[in-house]
Structure formats: structure tokens, C-alpha cells
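Asks: I'd like to ask you about the structure that follows.
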Amino acid sequence: MAPVRIATWNVNSIKQRMPRFLPWLDERGPDVVCLQELKLDDLGFAGLLGAEIDQRGYQPAVHGEAQWNGVAILSRVGLEDVTTGIPDGPGFPDPEARAVSATCAGVRVHSLYVPNGRVPDSDHYRYKLAWLEKLRDQVAAGPREVVVCGDMNIAPADADVYDPAAYVGQTHVTGPEREALQRLLDVGLHDVVRDHWPDERIFSYWDYRAGMFHRDLGMRIDLVLAGDPVAERVKAAWVDRQARKGTGPSDHAPVIVDLDEAPDGDIGPVVPPPSNPLTRKGAVKLPQSRP
DNA sequence: ATGACGGGTGCAACCCGA
């Protein structure tokens, strides 16, 4: 099994993000891309991106929705057994397009957009918790060769928000949300970015307002959770902060994880991971954009 | 500063996001 690069990105409208998305795709060259917040239905997605991704060798699994939500997986290493939604997943009140899964290069890949929750103890918050329970059931029933990717809308720990005091009483950091995330992890998943950078300041989302990105005041809510056999193959795991810079960015940055070849595969040359490809200002030397 | 930005759409005295 060859090395595989997996990325996940909440693009906050794929239509608006096209000028950033295609150059990013060509520059980073992920083999599998999990997308969230397409804000487009399946037909709109096909019309907008079908030819562009086909000519780059990707197959799409899309679970779109007009106006809100919408998730997808693009893969150039195979795309089998696509499922949309979560079995018996709750709606608000009707099911929303927040989950799609497929098997790519032997790994079960989930692209997820977890409900926001809005206000603790609200109906939407209870929906979020119920949704996470059904997600856990789905992952528990699946293979150990799995990556659960996406906008989890939960900061796993206080270190994952810029100011824990500012978030007291807000969603994304409450006990029940973190416990629901922990129950998902307890199925046998690893938070691979945190595991590789246990003490770094790492965020994946920064509010558009008030210069939050440039002050590096954000949250780490976009996660890649890998089952044991996949976590053992992780050679690099980082937030692509470059994609949050410049003109017309999403308010989320992509998370990128490189898997080495599977243990039983052919052993090829091993490319060392970047020394510190992380989020700290000035710490990153990233490739330039294509001309 | 209970705001700021930037998506969406009924173009607003709108809704939603994290």
C-alpha cells in the first residue's frame, strides 16, 4: 500500500472557495480530501467541480444540500462503498447533509460536519449530542482501518482554544460535548495532530472578525481521528495555515495527515516529515503557489 | 462593545456560523 495524504477542510461554501480550493488541491496534492460546508446540492457540486476533479484523477462522493451543510470525499486512490448520512442519525428536525463515508485505499474514511449546538442545553445542543452518539455507533460497527475527519465543532481540551475563560458556558468546550468526543475516541481512535504535537499551540478555525487570525486567536475543532492501524502509519500531521491567509479564505484551515505505506506493502523511499510544519507564526517554510 | 466578517437567501428591520 503506497503512502497516502489525507486532508480535511471546512471550506465555508465551495462556490465561494473555488479560487482558493483548486490551487490548494494542486499544490498540496492530497490523495483523499474530506470537505465540509459545501453549501451546495449534489447537482450544483457536479456542475461546479465535476470536470475539474475528474481531470485531476479524483472520484467524488458527495452528500450535498442547498444553502447549508454539505459534505464530500474526493479520492484518487479508490472510492468504494459510499454511504451518506449516519444510520438512525437524528435530524433538526429532518436529517441534514453532515456525513459521508467511503473506503479509499483500504481505509474507511468519514467526512463529517458535526452540528454546531448553538447554545448549551438548547434543542440544537441536544441534537448535536444525539448525533455524536449515533456517529460513535456507526464507527464502532466499522473496521479499525478508519479515519474520522472533519469539523467536529468541539475543542477537545482547553489547550485547543485561545482563551478558555472566554469560552466558559459556550458550546464547543462543554463537558457533555467533550465527553461525547471521548466516547467516540474510546471506540479506538487517536487524535493524530495532537498526538504528534502534544505541546504546540494549534488552531484550525479563526473567526473572520477583529483580526483573530492575524492575532492567532482561534480554536482547534477540525480533527483527524485515526484507528490504531492507521494511526501507526502517520508520518506527518499538521494544520495548513497557509490556506487561511490571503484573499478570500475559509474561516477554517485544512488539516493534512500523511500515512506511510501499510506494513505489509512494498517499502519505498521514505520522505521525512517537515521539522515543524505547524501553526506558529514564522515557524513555517511552505512551498510557494504555482505561477 | 450583546460588535466586528462572511456565507446563505425572501436582498432585510433576514438567518446562520463557532
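A note on labels: chains of the C-alpha cells are A, B, ... as shown, every chain counts residues from 1, and ligands are counted from 1 in their shown order.
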Excluding A:Asp54 and any residue of its chain fewer than 6 positions from it, enumerate the residues within 12 Å of it, using only C-alpha atoms (C1' of nucleotides), and give them as a PyMOL selection string.

Replies: chain A and resi 46-48+60+74-76

Asks: Store the residues picked out above in a file with all heavy atoms, as a short mmCIF file (atom, residue, chain, number, x, y, z; two decimals), in the first residue's frame.

Replies:
```cif
data_model
loop_
_atom_site.label_atom_id
_atom_site.label_comp_id
_atom_site.auth_asym_id
_atom_site.auth_seq_id
_atom_site.Cartn_x
_atom_site.Cartn_y
_atom_site.Cartn_z
N ALA A 46 -21.62 18.92 -8.78
CA ALA A 46 -21.16 18.26 -10.01
C ALA A 46 -20.92 19.29 -11.10
O ALA A 46 -19.92 19.22 -11.83
CB ALA A 46 -22.19 17.22 -10.45
N GLY A 47 -21.82 20.26 -11.20
CA GLY A 47 -21.67 21.28 -12.22
C GLY A 47 -20.45 22.17 -11.98
O GLY A 47 -19.74 22.57 -12.90
N LEU A 48 -20.21 22.46 -10.71
CA LEU A 48 -19.12 23.36 -10.36
C LEU A 48 -17.76 22.68 -10.47
O LEU A 48 -16.79 23.25 -10.96
CB LEU A 48 -19.33 23.86 -8.93
CG LEU A 48 -18.35 24.88 -8.38
CD1 LEU A 48 -18.54 26.24 -9.03
CD2 LEU A 48 -18.48 24.99 -6.87
N PRO A 60 -15.54 11.54 -6.82
CA PRO A 60 -16.25 12.22 -5.74
C PRO A 60 -17.33 11.35 -5.09
O PRO A 60 -18.03 10.59 -5.75
CB PRO A 60 -16.91 13.39 -6.47
CG PRO A 60 -17.23 12.82 -7.82
CD PRO A 60 -16.21 11.74 -8.12
N LEU A 74 -13.30 13.39 -1.84
CA LEU A 74 -12.67 13.22 -3.16
C LEU A 74 -11.50 12.28 -2.97
O LEU A 74 -10.73 12.44 -2.03
CB LEU A 74 -12.16 14.56 -3.70
CG LEU A 74 -13.09 15.76 -3.64
CD1 LEU A 74 -12.41 16.99 -4.27
CD2 LEU A 74 -14.39 15.46 -4.36
N SER A 75 -11.37 11.30 -3.86
CA SER A 75 -10.27 10.34 -3.72
C SER A 75 -9.67 10.00 -5.07
O SER A 75 -10.40 9.78 -6.04
CB SER A 75 -10.76 9.06 -3.04
OG SER A 75 -9.73 8.08 -3.04
N ARG A 76 -8.34 9.93 -5.12
CA ARG A 76 -7.67 9.42 -6.32
C ARG A 76 -6.97 8.10 -6.02
O ARG A 76 -6.10 7.68 -6.77
CB ARG A 76 -6.69 10.47 -6.86
CG ARG A 76 -5.59 10.87 -5.93
CD ARG A 76 -4.69 11.94 -6.57
NE ARG A 76 -3.55 12.22 -5.74
CZ ARG A 76 -2.68 13.20 -5.98
NH1 ARG A 76 -2.87 14.01 -7.02
NH2 ARG A 76 -1.66 13.40 -5.19
#
```

Asks: Determine, for each residue of chain B having at least one atom at most 7 Å from an atom of chain A, the closest pair of atoms and their separation in Å to one decimal, counting only C-alpha atoms (C1' of nucleotides); order by chain and ascending number, as a Markdown table.

Replies:
```
| residue | atom | partner | partner_atom | distance |
| --- | --- | --- | --- | --- |
| B:DA4 | C1' | A:Arg209 | CA | 5.2 |
| B:DC5 | C1' | A:Tyr208 | CA | 4.9 |
| B:DG7 | C1' | A:Asn12 | CA | 6.7 |
| B:DG8 | C1' | A:Gln67 | CA | 5.6 |
```

Asks: Select from stretch 9-238 of chain A everything DSSP, run on the backbone, classes as strand (DSSP E), then give the selection as a ChimeraX atom specification.

Replies: /A:9-10,32-36,59-63,71-75,80-84,99-104,107-113,146-151,189-191,222-227,234-238

Asks: Could you please determine the separation between atom CA of A:Val71 and atom CA of A:Glu27 in Å, to one decimal place?

Replies: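 Atom CA of A:Glu27 lies 21.8 Å from atom CA of A:Val71.
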
Asks: Quick one: residues within 12 Å of A:Ala141, only C-alpha atoms (C1' of nucleotides), excluding same-chain residues fewer than 4 positions away - as a VMD selection string?

Replies: chain A and resid 86 to 87 108 134 to 137 145 to 146 184 187 to 188

Asks: Using DSSP on the backbone coordinates, identify the residues of stretch 54-204 of chain A assigned to alpha helix (DSSP H); present them as a short mmCIF file (atom, residue, chain, number, x, y, z; two decimals) with N, CA and C atoms, in the first residue's frame.

Replies:
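So the final result, stored in states30.cif, reads:
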```cif
data_model
loop_
_atom_site.label_atom_id
_atom_site.label_comp_id
_atom_site.auth_asym_id
_atom_site.auth_seq_id
_atom_site.Cartn_x
_atom_site.Cartn_y
_atom_site.Cartn_z
N ASP A 54 -12.35 15.52 -12.04
CA ASP A 54 -12.16 14.36 -12.92
C ASP A 54 -10.83 14.47 -13.66
N GLN A 55 -10.52 15.65 -14.14
CA GLN A 55 -9.27 15.80 -14.93
C GLN A 55 -8.04 15.68 -14.04
N ASP A 123 -32.27 22.91 22.10
CA ASP A 123 -32.64 21.78 21.25
C ASP A 123 -31.50 21.42 20.29
N HIS A 124 -30.84 22.45 19.78
CA HIS A 124 -29.77 22.19 18.82
C HIS A 124 -28.58 21.51 19.49
N TYR A 125 -28.34 21.87 20.71
CA TYR A 125 -27.26 21.27 21.51
C TYR A 125 -27.56 19.79 21.77
N ARG A 126 -28.81 19.50 22.12
CA ARG A 126 -29.19 18.09 22.34
C ARG A 126 -29.10 17.30 21.04
N TYR A 127 -29.46 17.94 19.96
CA TYR A 127 -29.31 17.33 18.62
C TYR A 127 -27.85 16.98 18.35
N LYS A 128 -26.96 17.90 18.67
CA LYS A 128 -25.53 17.67 18.49
C LYS A 128 -25.07 16.44 19.26
N LEU A 129 -25.47 16.35 20.53
CA LEU A 129 -25.04 15.22 21.37
C LEU A 129 -25.63 13.91 20.87
N ALA A 130 -26.89 13.94 20.46
CA ALA A 130 -27.53 12.72 19.94
C ALA A 130 -26.87 12.28 18.64
N TRP A 131 -26.52 13.25 17.83
CA TRP A 131 -25.85 12.98 16.54
C TRP A 131 -24.50 12.30 16.78
N LEU A 132 -23.77 12.81 17.75
CA LEU A 132 -22.45 12.24 18.07
C LEU A 132 -22.57 10.80 18.59
N GLU A 133 -23.63 10.52 19.33
CA GLU A 133 -23.81 9.15 19.82
C GLU A 133 -24.04 8.18 18.66
N LYS A 134 -24.86 8.60 17.70
CA LYS A 134 -25.12 7.73 16.54
C LYS A 134 -23.87 7.59 15.67
N LEU A 135 -23.08 8.65 15.61
CA LEU A 135 -21.82 8.57 14.88
C LEU A 135 -20.90 7.53 15.53
N ARG A 136 -20.83 7.60 16.86
CA ARG A 136 -19.98 6.63 17.57
C ARG A 136 -20.44 5.21 17.28
N ASP A 137 -21.75 4.99 17.29
CA ASP A 137 -22.27 3.65 17.00
C ASP A 137 -21.84 3.20 15.59
N GLN A 138 -21.92 4.11 14.65
CA GLN A 138 -21.54 3.76 13.26
C GLN A 138 -20.05 3.40 13.18
N VAL A 139 -19.22 4.21 13.81
CA VAL A 139 -17.77 3.95 13.74
C VAL A 139 -17.43 2.66 14.49
N ALA A 140 -18.12 2.43 15.62
CA ALA A 140 -17.86 1.22 16.40
C ALA A 140 -18.20 -0.04 15.61
N GLY A 175 -18.59 20.17 29.04
CA GLY A 175 -18.32 18.80 29.46
C GLY A 175 -19.02 17.76 28.62
N PRO A 176 -20.33 17.87 28.45
CA PRO A 176 -21.03 16.84 27.67
C PRO A 176 -20.52 16.70 26.24
N GLU A 177 -20.13 17.81 25.61
CA GLU A 177 -19.58 17.71 24.24
C GLU A 177 -18.24 16.98 24.27
N ARG A 178 -17.39 17.35 25.21
CA ARG A 178 -16.07 16.70 25.29
C ARG A 178 -16.21 15.23 25.68
N GLU A 179 -17.21 14.93 26.52
CA GLU A 179 -17.44 13.52 26.88
C GLU A 179 -17.94 12.73 25.67
N ALA A 180 -18.77 13.36 24.86
CA ALA A 180 -19.25 12.68 23.64
C ALA A 180 -18.08 12.41 22.69
N LEU A 181 -17.18 13.38 22.58
CA LEU A 181 -15.98 13.17 21.75
C LEU A 181 -15.12 12.06 22.33
N GLN A 182 -14.99 12.04 23.65
CA GLN A 182 -14.18 11.00 24.28
C GLN A 182 -14.79 9.61 24.05
N ARG A 183 -16.11 9.53 24.09
CA ARG A 183 -16.74 8.22 23.82
C ARG A 183 -16.47 7.77 22.39
N LEU A 184 -16.40 8.72 21.47
CA LEU A 184 -16.03 8.38 20.10
C LEU A 184 -14.58 7.89 20.06
N LEU A 185 -13.69 8.61 20.74
CA LEU A 185 -12.28 8.20 20.77
C LEU A 185 -12.13 6.83 21.42
N VAL A 192 -4.71 12.49 15.89
CA VAL A 192 -3.32 12.33 15.43
C VAL A 192 -2.53 13.63 15.43
N VAL A 193 -3.19 14.77 15.18
CA VAL A 193 -2.45 16.04 15.21
C VAL A 193 -1.98 16.33 16.65
N ARG A 194 -2.85 16.18 17.60
CA ARG A 194 -2.45 16.44 18.99
C ARG A 194 -1.41 15.41 19.46
N ASP A 195 -1.58 14.16 19.04
CA ASP A 195 -0.62 13.13 19.46
C ASP A 195 0.78 13.44 18.94
N HIS A 196 0.86 14.03 17.75
CA HIS A 196 2.17 14.32 17.17
C HIS A 196 2.76 15.63 17.68
#
```
